[in-house]
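Enquirer: Pasting a structure here, questions to come.
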Amino acid sequence: MQKEHFDITGMSCAACSARVDKAVSSLTGVKEVSVNLLKGTMAVSFDPTQTDAVQIIDSVKEAGYGASLKASVKPVTGQTLSKTAADETHQAKIRLRCSLLAMVPLCYLGMGPMLGLPLPPFLAGSANVMALAFTQFLLATIVVVLNIRYFTNGFKALARLSPNMDALIAMGSGAAFVSGIASIYTIGSALGVGDMAKAVHAASHLHLDSAAMILTLISLGRYLESRAKGRTTEAIAKLIDLSPKTATRLDGTIETTIPVEDVRVGDILIVRAGESIPVDGTITDGWGTIDTSALTGEPIPVEKTAGAAVSAATINLSGHFTMQATRVGENTALAQIIQLVDEATSSKAPVSRLADRVSAVFVPAVMAVAAIATITWLCFGYPLDFALSIGISVLVISCPCSLGLATPTAIMVGTGRGAASGILFKSAAAIEHLGSTDTAVLDKTGTMTAGKPALTDVAITAGFNKEEVLAQAAALENRSEHPLGKAIVSAATKMGISLPATQNFRQIPGEGITGIVAGIPCAVGNARLMESLGITLPENVQKTAENLALDGKTVLYIAASNILAGLFALADTIRPTTPGAIKDLQQMGIDVIMLTGDNAQTAKAVQAKTGVKSVIAEVLPQDKDQVLKDLKEKGHKTVMVGDGINDAPALARADVGIAIGAGTDVAVESADVVLMKDDLTDAVTAIRLSKAVMRTIRQNLFWAFVYNIIGIPIAAGILYPINGMTLAPMAGAAAMSLSSVSVVLNALRLRFFKASSGTNRSDGSPIKADLAPKTITLNSIKENTMQKEINIEGMNCNHCRAAVEKALAAIPGVEKVNVSLEDKKATVSITDAVTENALANAITDAGFECKGIA
């Protein structure tokens with residue numbers, strides 16, 4: 001299946017886009033067509049063995065519109081992205097100004113005598129009635145010529161029997177203009193026979209000012225509309241313009257400034273402080289503090305050194321480095337973002353199909369209503385000018401432009417706002433489905449957690465120093481490639497601990513590593529390694545290790561000179577923003593399910609810390625797809641959030657798949673939404689944004705339909721027999737223009753959508769991520785004592801109270817216990833070695849229920 005993008009010219013309303021869609025869809029081999037009225041583009045998926053781009057273009061031309069194949073769907077600069085809109089706005093502005101210069105005096109001449117306003121002497125009085133009429137004719141002709149494109153496009157559409165909005169405008173204003181010319185002939189004929197009364201009466205019903213007013217108000221609406229449409233791509237244009245136009249290439253020792261288009265893969269580039277990174281690449285030497293907010297929306301700069309990847313359009317705030325180009329031109333992360341946004345704004349949301357179906361038959365129906373209304377009033381004996389005015393009003397007020405703008409404006413603004421926040425929607429359908437989700441399935445590793453182990457706890461036995469022990473372990477692990485070892489080395493480096501020299505390094509499969517660090521024999525590994533070295537683990541050490549394991553942590557022991565020096569606890573740490581993001585999802589009425597391949601104990605520990613209510617553990621990657629399938633069969637609207645690699649089948653199975661933390665690899669094929677940051681908060685923002693976009697689309701469609709449902713009967717004169725109310729043609733033109741502009745302005749409110757803050761919890765309190773490992777003291781050395789209050793259910797007598805007290809006191813690290821039977825609470829003083837899980841389990845094992853720990 002092949003997909004091509006086309007530029008379409010000549011479309012003026014939703015009826016036009018519906019006809020283009022119908023013409024292309026009728027071709028054999030065409031699978032999907034998406035016409036965007038706002039952008040004047042069309043995306044077509046087709047089987048190249050059955051049809052091709054030439055046949056598609058021919059079908060569009062046969063429908064009466066222009067078509068050409070897009071050279072590229074990736075604009076190079078912000079100026080090229082918005083140039084078409086800017087040109088359209090400029091032309092509309094000139095046309096409007098010139099129309100106003102002719103229309104204002106015309107309206108004065110046409111309505112001035114009725115309002116008692118003075119006219120120039122050569123036009124005043126019944127003697128100058130022909131001069132007044134001819135002057136109005138000349139002024140009206142100027143306005144008609146300035147807006148002649150409405151007539152040419154409209155009558156061409158009528159000739160093809162495919163009337164559009166321009167046809168309604170041409171017929172409405174044209175009818176008023178022709179009626180004015182007929183009145184001028186009537187004036188001449190009356191003056192020829194000396195019938196002054198008839199000439200004056202004909203002069204008072206010229207309708208030339210109505211013809212000019214209609215065209216001018218339409219021009220005003222088009223100008224305001226084009227200005228608003230031009231602002232819909234503002235976020236993308238700003239993003240694109242952040243990319244530098246030049247790069248500094250290093251050839252040996254020679255520096256050369258070249259256009260960014262001339263950079264080739266493998267080139268060595270220099271980036272100084274304050275400069276934008278020209279292309280995607282890898283730092284080869286030096287360092288820099290990189291502002292990635294342009295791509296990811298992440299406000300905190302990131303320090304990067306040799307070996308780190310950098311992306312085009314990000315800014316080096318400080319530092320100096322050289323980099324090797326790895327992706328250039330349309331292969332950079334920036335270009336891929338632009339492609340995704342362009343495809344999303346060119347696609348069509350399912351909700352827009354109703355508007356398309358209505359628009360396809362709307363214009364012919366309106367023309368029929370206008371004709372019936374005119375004939376009906378004539379049959380009732382009303383004058384021709386009255387009946388004609390009714391028909392013109394129906395034609396003008398009914399233009400379906402607002403229907404055609406309702407969906408694409410909201411989609412374009414929403415996707416642009418998302419891109420500015422590091423959230424990329426691949427299609428308009430993804431936006432619609434995401435807004436209606438009721439179940440969110442979250443992968444644990446890499447989504448709720450950091451996806452890699454980190455050192456969380458360090459326990460030291462008596463006589464040893466934390467920094468010394470950590471230095472010894474890191475020195476050994478620095479020779480290892482194990483992920484747990486890398487986490488220990490990373491923690492020591494962040495704490496500023498220097499690593500001593502290591503000799504006689506040895507790796508024992510399944511147990512750990514040994515070696516001599518600064519002359520001291522050291523070993524780091526599991527309990528089996530300690531046992532093989534003849535080192536006995538004291539009971540309190542074993543209990544501490546068990547408590548840490550209950551929290552889902554992996555425990556490693558360290559021995560120095562064949563003496564147990566302490567232990568390390570490592571875990572895939574939960575992202576600081578995860579609990580708040582889960583709470584936000586639940587507050588939106590979305591059921592959150594954690595899906596993980598880890599064991600149930602680890603999953604339970606993560607559940608307790610994040611607040612997720614449902615957990616499915618020990619699930620193989622290939623079985624995640626089945627979980628999503630079962631949920632969908634039960635009628636749930638699902639969203640799957642994963643890393644886009646191991647979770648690919650589940651991402652594809654869900655109604656909407658969200659790939660989190662995609663970095664520069666933005667083209668995750670299996671996902672419908674791509675998040676540029678490793679932050680679950682952005683998934684919350686994506687859902688909130690989709691809901692806001694869909695709410696705006698529904699508002700637009702509602703008011704567009706209501707406007708026509710109310711406006712057409714009033715224009716047809718349904719209220720005239722009741723209260724004498726009619727709608728003048730110029731009032732209809734003003735209402736039609738206002739409806740289109742209001743739809744666009746309503747969509748532009750999405751530009752003020754605020755993303756969920758990844759630096760604050762859902763309650764607004766700041767998140768402080770303490771990455772330093774906690775210190776646990778062994779061998780009865782009391783340190784870091786704290787108090788916990790436990791709510792207990794099931795205590796009924798003093799025997800119960802004594803049982804609870806005994807159970808809690810038996811936990812190593814619990815120093816003091818006070819149980820209140822009346823308050824159903826227990827207050828305990830504990831060290832860092834005691835976990836909340838250990839307290840809760842002791843209560844449960846004693847036969848009571850733990851209701852909460854504070």
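Numbering starts fresh at 1 for the residues of each chain in the structure tokens, the chains themselves are lettered A, B, ... in the order given, and ligands are numbered from 1 as they appear.
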Write out as a Markdown table the residues of range 392-502 of chain A that have any atom within 12 Å of an atom of range 511-532 of chain A, one row each with the nearest atom pair and its distance in Å to one decimal, counting only C-alpha atoms, sorted by chain and then rising number.
Expert:
| residue | atom | partner | partner_atom | distance |
| --- | --- | --- | --- | --- |
| A:Glu468 | CA | A:Val517 | CA | 10.8 |
| A:Val469 | CA | A:Cys522 | CA | 9.6 |
| A:Leu470 | CA | A:Val524 | CA | 10.6 |
| A:Ala471 | CA | A:Val517 | CA | 9.1 |
| A:Gln472 | CA | A:Val517 | CA | 6.2 |
| A:Ala473 | CA | A:Val524 | CA | 6.5 |
| A:Ala474 | CA | A:Val524 | CA | 9.5 |
| A:Ala475 | CA | A:Val517 | CA | 7.0 |
| A:Leu476 | CA | A:Gly515 | CA | 6.7 |
| A:Glu477 | CA | A:Ile513 | CA | 7.8 |
| A:Asn478 | CA | A:Ile513 | CA | 10.8 |
| A:Arg479 | CA | A:Ile513 | CA | 9.4 |
| A:Ser480 | CA | A:Ile513 | CA | 8.1 |
| A:Glu481 | CA | A:Ile513 | CA | 11.1 |
| A:His482 | CA | A:Gly512 | CA | 9.8 |
| A:Leu484 | CA | A:Gly525 | CA | 10.2 |
| A:Gly485 | CA | A:Val524 | CA | 9.3 |
| A:Ile488 | CA | A:Val524 | CA | 10.8 |
| A:Ser498 | CA | A:Ala518 | CA | 11.9 |
| A:Leu499 | CA | A:Val517 | CA | 9.1 |
| A:Pro500 | CA | A:Ala518 | CA | 5.9 |
| A:Ala501 | CA | A:Ala518 | CA | 5.8 |
| A:Thr502 | CA | A:Val517 | CA | 4.6 |
Enquirer: Going by DSSP on the backbone, which residues of range 295-528 of chain A come out as strand (DSSP E)? List them as a PyMOL selection string.
Expert: chain A and resi 302-305+309-310+315-327+423-425+439-443+449-460+502-508+512-517+520-525
Enquirer: For CA of Ile56 in chain A and CA of Leu27 in chain A, quote the distance in Å rounded to one decimal.
Expert: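 Straight-line distance from CA of Ile56 in chain A to CA of Leu27 in chain A works out to 7.7 Å.
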Enquirer: Using Å and a single decimal, report how far CA of Gln336 in chain A sits from CA of Val674 in chain A.
Expert: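 Going from CA of Val674 in chain A over to CA of Gln336 in chain A covers 11.3 Å.
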Enquirer: Would you mind writing down, as number ranges by chain, each residue of range 399-630 of chain A that DSSP on the backbone assigns to helix (DSSP H, G or I)?
Expert: A: 401-420, 428-435, 444-448, 466-477, 483-494, 527-532, 539-550, 578-587, 600-610, 621-630
Enquirer: Tell me, as a ChimeraX atom specification, which residues lie within 10 Å of Arg688 in chain A, counting only C-alpha atoms; anything in the same chain fewer than 5 positions away does not count.
Expert: /A:434-435,585,588,682-683,693,753-756
